[in-house]
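See below for the structure under consideration.
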Amino acid sequence: MRKPFICGNWKMNKNVEEAKAMITALKDKVKGVENVEMGICPTALCLTTVKEAAQGSDIVTGAENIYWKDSGAYTGEISAKMLADSNIEYTIVGHSERREIFGETDYEVNKKVLSALSHGVKPIVCVGETLEERKAGQIEAKVNFQVDSALAGLDEDEVADVVIAYEPIWAIGTGETASAEEANRVIGIIRENIRKEYPEAADKIRIQYGGSVKPHNVEEIMAQSEIDGALVGGASLAADSFSEIILKTAEIYK
């Protein structure tokens with residue numbers, strides 16, 4: 001059985017003191033949870049703060065983005081090598097906000113995936129369709145192309161270390177969610193597409209759902225057979241709501 005992964009994406013929120021206080025509170029609320037992997041992806045400014053505050057717990061830390069070069073004249077960027085040097089375990093790659101606002105391409109996402117894995121940092125690769133693409137019946141084509149592009153050049157073992165986050169763009173931060181059954185259907189499509197090229201890794205790779213995941217809907221989402229966790233936005237900013245999501249998931253996986 002794949003271990004579920006509940007990961008918070010703080011986006012551009014929280015200063016250092018707020019981050020430290022939240023993680024300190026969260027540690028107490030999720031103490032003893034062993035059957036769910038728990039993670040937080042703060043801003044780059046708060047990475048080491050979150051890492052240090054999480055010591056003594058099973059909470060892992062991830063970045064929200066990387067550049068694929070190890071170092072150099074790339075003002076404003078951080079590299080996978082820098083994350084590895086600071087013992088940061090994960091990085092989000094290709095979030096729709098990076099793609100839609102900052103013009104990140106599938107080519108760039110693949111370069112970031114390759115760089116992350118080369119340094120032992122596990123990428124959380126975000127994929128998902130717009131509302132227009134959904135209405136046009138292009139869901140399968142869109143997400144499979146994004147996944148295929150992100151995984152290009154990887155072997156079976158490397159693919160197994162990747163996390164895919166299916167986040168329909170129209171559901172991010174809107175309060176709207178795909179139904180649990182629909183999210184499960186699309187994630188099943190993604191897994192079967194991966195199986196064509198990576199038959200062994202397809203059963204190992206974890207595929208999360210993201211898009212307005214809240215305490216009130218997480219049980220229905222996590223009860224689905226293909227969904228291996230959640231990438232949580234707004235509800236990950238407070239210890240109470242994020243811990244409730246984790247604890248409800250842990251109860252399902254007892």
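Letters A, B, ... go to the chains of the structure tokens in the order shown; residues in each chain start at 1; ligands are counted from 1 in the same order.
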For the structure I just gave you, how does DSSP split stretch 153-204 of chain A - specifically, which residues are alpha helix (DSSP H)? Reply as a list in words.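 Matching residues for alpha helix (DSSP H) in stretch 153-204 of chain A are Glu156, Asp157, Glu158, Val159, Ala160, Ala180, Glu181, Glu182, Ala183, Asn184, Arg185, Val186, Ile187, Gly188, Ile189, Ile190, Arg191, Glu192, Asn193, Ile194, Arg195, Lys196 and Glu197 of chain A.
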For the residues in that selection, give me N, CA and C atoms as a PDB file, in the first residue's frame.
ATOM      1  N   GLU A 156      12.715   3.756 -14.086  1.00  0.00           N
ATOM      2  CA  GLU A 156      11.643   3.281 -13.199  1.00  0.00           C
ATOM      3  C   GLU A 156      11.849   3.711 -11.751  1.00  0.00           C
ATOM      4  N   ASP A 157      13.054   3.571 -11.244  1.00  0.00           N
ATOM      5  CA  ASP A 157      13.327   3.918  -9.848  1.00  0.00           C
ATOM      6  C   ASP A 157      13.124   5.403  -9.597  1.00  0.00           C
ATOM      7  N   GLU A 158      13.523   6.218 -10.546  1.00  0.00           N
ATOM      8  CA  GLU A 158      13.364   7.661 -10.382  1.00  0.00           C
ATOM      9  C   GLU A 158      11.888   8.051 -10.403  1.00  0.00           C
ATOM     10  N   VAL A 159      11.123   7.451 -11.291  1.00  0.00           N
ATOM     11  CA  VAL A 159       9.693   7.752 -11.372  1.00  0.00           C
ATOM     12  C   VAL A 159       8.999   7.423 -10.054  1.00  0.00           C
ATOM     13  N   ALA A 160       9.400   6.333  -9.433  1.00  0.00           N
ATOM     14  CA  ALA A 160       8.789   5.929  -8.165  1.00  0.00           C
ATOM     15  C   ALA A 160       9.023   6.961  -7.065  1.00  0.00           C
ATOM     16  N   ALA A 180     -15.028  13.787  -5.532  1.00  0.00           N
ATOM     17  CA  ALA A 180     -14.027  12.781  -5.172  1.00  0.00           C
ATOM     18  C   ALA A 180     -13.950  11.695  -6.241  1.00  0.00           C
ATOM     19  N   GLU A 181     -15.093  11.323  -6.768  1.00  0.00           N
ATOM     20  CA  GLU A 181     -15.127  10.285  -7.800  1.00  0.00           C
ATOM     21  C   GLU A 181     -14.453  10.750  -9.085  1.00  0.00           C
ATOM     22  N   GLU A 182     -14.667  12.010  -9.447  1.00  0.00           N
ATOM     23  CA  GLU A 182     -14.051  12.541 -10.666  1.00  0.00           C
ATOM     24  C   GLU A 182     -12.546  12.681 -10.496  1.00  0.00           C
ATOM     25  N   ALA A 183     -12.122  13.159  -9.325  1.00  0.00           N
ATOM     26  CA  ALA A 183     -10.684  13.251  -9.059  1.00  0.00           C
ATOM     27  C   ALA A 183     -10.044  11.879  -9.119  1.00  0.00           C
ATOM     28  N   ASN A 184     -10.722  10.894  -8.564  1.00  0.00           N
ATOM     29  CA  ASN A 184     -10.210   9.517  -8.583  1.00  0.00           C
ATOM     30  C   ASN A 184     -10.122   8.993 -10.011  1.00  0.00           C
ATOM     31  N   ARG A 185     -11.114   9.324 -10.828  1.00  0.00           N
ATOM     32  CA  ARG A 185     -11.124   8.876 -12.226  1.00  0.00           C
ATOM     33  C   ARG A 185      -9.932   9.447 -12.985  1.00  0.00           C
ATOM     34  N   VAL A 186      -9.682  10.742 -12.835  1.00  0.00           N
ATOM     35  CA  VAL A 186      -8.581  11.374 -13.565  1.00  0.00           C
ATOM     36  C   VAL A 186      -7.243  10.851 -13.059  1.00  0.00           C
ATOM     37  N   ILE A 187      -7.117  10.680 -11.760  1.00  0.00           N
ATOM     38  CA  ILE A 187      -5.864  10.152 -11.213  1.00  0.00           C
ATOM     39  C   ILE A 187      -5.636   8.720 -11.691  1.00  0.00           C
ATOM     40  N   GLY A 188      -6.709   7.953 -11.826  1.00  0.00           N
ATOM     41  CA  GLY A 188      -6.579   6.615 -12.401  1.00  0.00           C
ATOM     42  C   GLY A 188      -6.090   6.660 -13.842  1.00  0.00           C
ATOM     43  N   ILE A 189      -6.565   7.641 -14.603  1.00  0.00           N
ATOM     44  CA  ILE A 189      -6.110   7.827 -15.985  1.00  0.00           C
ATOM     45  C   ILE A 189      -4.614   8.144 -16.002  1.00  0.00           C
ATOM     46  N   ILE A 190      -4.187   9.023 -15.098  1.00  0.00           N
ATOM     47  CA  ILE A 190      -2.770   9.378 -15.016  1.00  0.00           C
ATOM     48  C   ILE A 190      -1.929   8.146 -14.698  1.00  0.00           C
ATOM     49  N   ARG A 191      -2.373   7.341 -13.748  1.00  0.00           N
ATOM     50  CA  ARG A 191      -1.609   6.161 -13.348  1.00  0.00           C
ATOM     51  C   ARG A 191      -1.497   5.152 -14.497  1.00  0.00           C
ATOM     52  N   GLU A 192      -2.597   4.958 -15.212  1.00  0.00           N
ATOM     53  CA  GLU A 192      -2.559   3.999 -16.324  1.00  0.00           C
ATOM     54  C   GLU A 192      -1.695   4.511 -17.467  1.00  0.00           C
ATOM     55  N   ASN A 193      -1.652   5.812 -17.658  1.00  0.00           N
ATOM     56  CA  ASN A 193      -0.759   6.377 -18.670  1.00  0.00           C
ATOM     57  C   ASN A 193       0.695   6.164 -18.280  1.00  0.00           C
ATOM     58  N   ILE A 194       1.014   6.355 -17.005  1.00  0.00           N
ATOM     59  CA  ILE A 194       2.378   6.108 -16.520  1.00  0.00           C
ATOM     60  C   ILE A 194       2.742   4.636 -16.704  1.00  0.00           C
ATOM     61  N   ARG A 195       1.776   3.752 -16.507  1.00  0.00           N
ATOM     62  CA  ARG A 195       2.026   2.315 -16.605  1.00  0.00           C
ATOM     63  C   ARG A 195       2.521   1.908 -17.993  1.00  0.00           C
ATOM     64  N   LYS A 196       2.133   2.638 -19.028  1.00  0.00           N
ATOM     65  CA  LYS A 196       2.553   2.297 -20.387  1.00  0.00           C
ATOM     66  C   LYS A 196       4.073   2.344 -20.530  1.00  0.00           C
ATOM     67  N   GLU A 197       4.698   3.315 -19.886  1.00  0.00           N
ATOM     68  CA  GLU A 197       6.145   3.508 -20.002  1.00  0.00           C
ATOM     69  C   GLU A 197       6.891   2.952 -18.794  1.00  0.00           C
TER      70      GLU A 197
END
At a cut-off of 12 Å, can you tabulate as a Markdown table every residue of stretch 61-95 of chain A near stretch 220-243 of chain A together with its closest atom pair and the distance in Å to one decimal, using only C-alpha atoms and ordering rows by chain then number?
| residue | atom | partner | partner_atom | distance |
| --- | --- | --- | --- | --- |
| A:Gly62 | CA | A:Leu231 | CA | 11.8 |
| A:Glu64 | CA | A:Leu231 | CA | 11.6 |
| A:Ile92 | CA | A:Leu231 | CA | 9.8 |
| A:His95 | CA | A:Leu231 | CA | 10.6 |
Could you pull the residues within 9 Å of A:Val147, counting only C-alpha atoms, minus those fewer than 5 positions along the same chain, as a PyMOL selection string? chain A and resi 106+125-127+142+152+164+190+193-194
Contacts of A:Val60 within 8 Å, only C-alpha atoms, excl. fewer than 2 positions in-chain, as a compact mmCIF listing (two decimals) with N, CA and C atoms, in the first residue's frame:
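Just written: result-v8.txt:
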# COMPACT_ATOMS: atom_id res chain seq x y z
N GLU A 37 2.50 10.47 5.61
CA GLU A 37 3.63 11.38 5.49
C GLU A 37 3.09 12.80 5.47
N MET A 38 3.74 13.67 6.25
CA MET A 38 3.27 15.05 6.42
C MET A 38 4.35 16.01 5.95
N GLY A 39 3.97 17.02 5.20
CA GLY A 39 4.96 17.97 4.70
C GLY A 39 4.44 19.38 4.64
N ILE A 40 5.36 20.32 4.66
CA ILE A 40 5.05 21.75 4.49
C ILE A 40 6.01 22.33 3.47
N LYS A 51 12.21 23.82 8.71
CA LYS A 51 13.02 22.60 8.92
C LYS A 51 13.44 22.49 10.38
N ALA A 54 10.50 21.88 12.81
CA ALA A 54 9.91 20.53 12.67
C ALA A 54 10.78 19.44 13.29
N ASP A 58 7.84 14.09 12.50
CA ASP A 58 7.95 13.43 11.20
C ASP A 58 7.54 14.35 10.05
N GLY A 62 9.54 21.06 2.16
CA GLY A 62 9.75 21.18 0.71
C GLY A 62 9.75 22.62 0.27
N ILE A 88 16.56 19.60 2.73
CA ILE A 88 15.16 19.79 2.34
C ILE A 88 14.76 18.62 1.44
N GLU A 89 13.68 17.95 1.79
CA GLU A 89 13.37 16.67 1.15
C GLU A 89 12.61 16.77 -0.17
N TYR A 90 11.79 17.82 -0.34
CA TYR A 90 10.89 17.90 -1.49
C TYR A 90 10.96 19.28 -2.15
DSSP strand (DSSP E or B) residues within stretch 12-253 of chain A, listed as a ChimeraX atom specification: /A:37-41,59-63,67,79,90-93,122-127,163-166,206-210,229-232
List the neighbours of stretch 133-140 of chain A out to 9 Å using only C-alpha atoms; skip same-chain residues closer than 3 positions along the sequence, and give me the result as an MDAnalysis selection string. chainID A and resid 128:130 143:145 168 186 189:190
Selection: 7 Å around A:Val33, only C-alpha atoms, excl. self and same-chain fewer than 3 positions, as a PyMOL selection string: chain A and resi 30+36+250
File of the preceding selection, N, CA and C atoms, as a PDB file, in the first residue's frame:
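What follows is the written file out09.pdb:
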ATOM      1  N   VAL A  30      -0.156  16.624  15.650  1.00  0.00           N
ATOM      2  CA  VAL A  30      -0.010  15.415  14.825  1.00  0.00           C
ATOM      3  C   VAL A  30       0.991  14.428  15.426  1.00  0.00           C
ATOM      4  N   VAL A  36       0.827   8.392   7.851  1.00  0.00           N
ATOM      5  CA  VAL A  36       0.666   9.455   6.860  1.00  0.00           C
ATOM      6  C   VAL A  36       1.963  10.256   6.810  1.00  0.00           C
ATOM      7  N   ALA A 250      -5.210   9.861   8.491  1.00  0.00           N
ATOM      8  CA  ALA A 250      -4.619   8.781   9.289  1.00  0.00           C
ATOM      9  C   ALA A 250      -5.677   7.789   9.743  1.00  0.00           C
TER      10      ALA A 250
END
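Here the question is which of A:Asn35, A:Thr249, A:Gln208, A:Thr91 gets nearest to A:Thr61 using only C-alpha atoms, and that residue is A:Thr91.
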To one decimal place in Å, what is the distance between atom CA of A:Tyr166 and atom CA of A:Gly76?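 A separation of 27.3 Å between them.
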Shell around A:Leu45 at 10 Å using only C-alpha atoms, local window under 4 positions removed, as a PyMOL selection string: chain A and resi 14-16+49-50+63
Give me a file of those residues, with N, CA and C atoms, as a CSV table (one decimal), in the first residue's frame.
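Result written to out.csv:
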chain,number,residue,atom,x,y,z
A,14,LYS,N,3.1,33.9,5.2
A,14,LYS,CA,3.8,33.7,6.5
A,14,LYS,C,5.2,34.3,6.5
A,15,ASN,N,5.5,35.0,7.5
A,15,ASN,CA,6.9,35.4,7.8
A,15,ASN,C,7.5,34.4,8.6
A,16,VAL,N,8.8,34.6,9.0
A,16,VAL,CA,9.6,33.6,9.8
A,16,VAL,C,8.9,33.3,11.1
A,49,THR,N,13.7,27.8,8.7
A,49,THR,CA,12.9,28.0,9.9
A,49,THR,C,12.0,26.8,10.1
A,50,VAL,N,11.3,26.4,9.0
A,50,VAL,CA,10.3,25.3,9.1
A,50,VAL,C,11.1,24.0,9.4
A,63,ALA,N,10.4,22.9,-0.8
A,63,ALA,CA,10.4,24.2,-1.5
A,63,ALA,C,9.2,24.3,-2.4
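In terms of minimum interatomic distance to A:Tyr253, A:Arg2 ranks closest within A:Arg98, A:Lys20, A:Arg2, A:Lys69, counting only C-alpha atoms.
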Do you have the atom CA of A:Tyr67-atom CA of A:Ser79 distance handy?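 So the answer is 5.2 Å.
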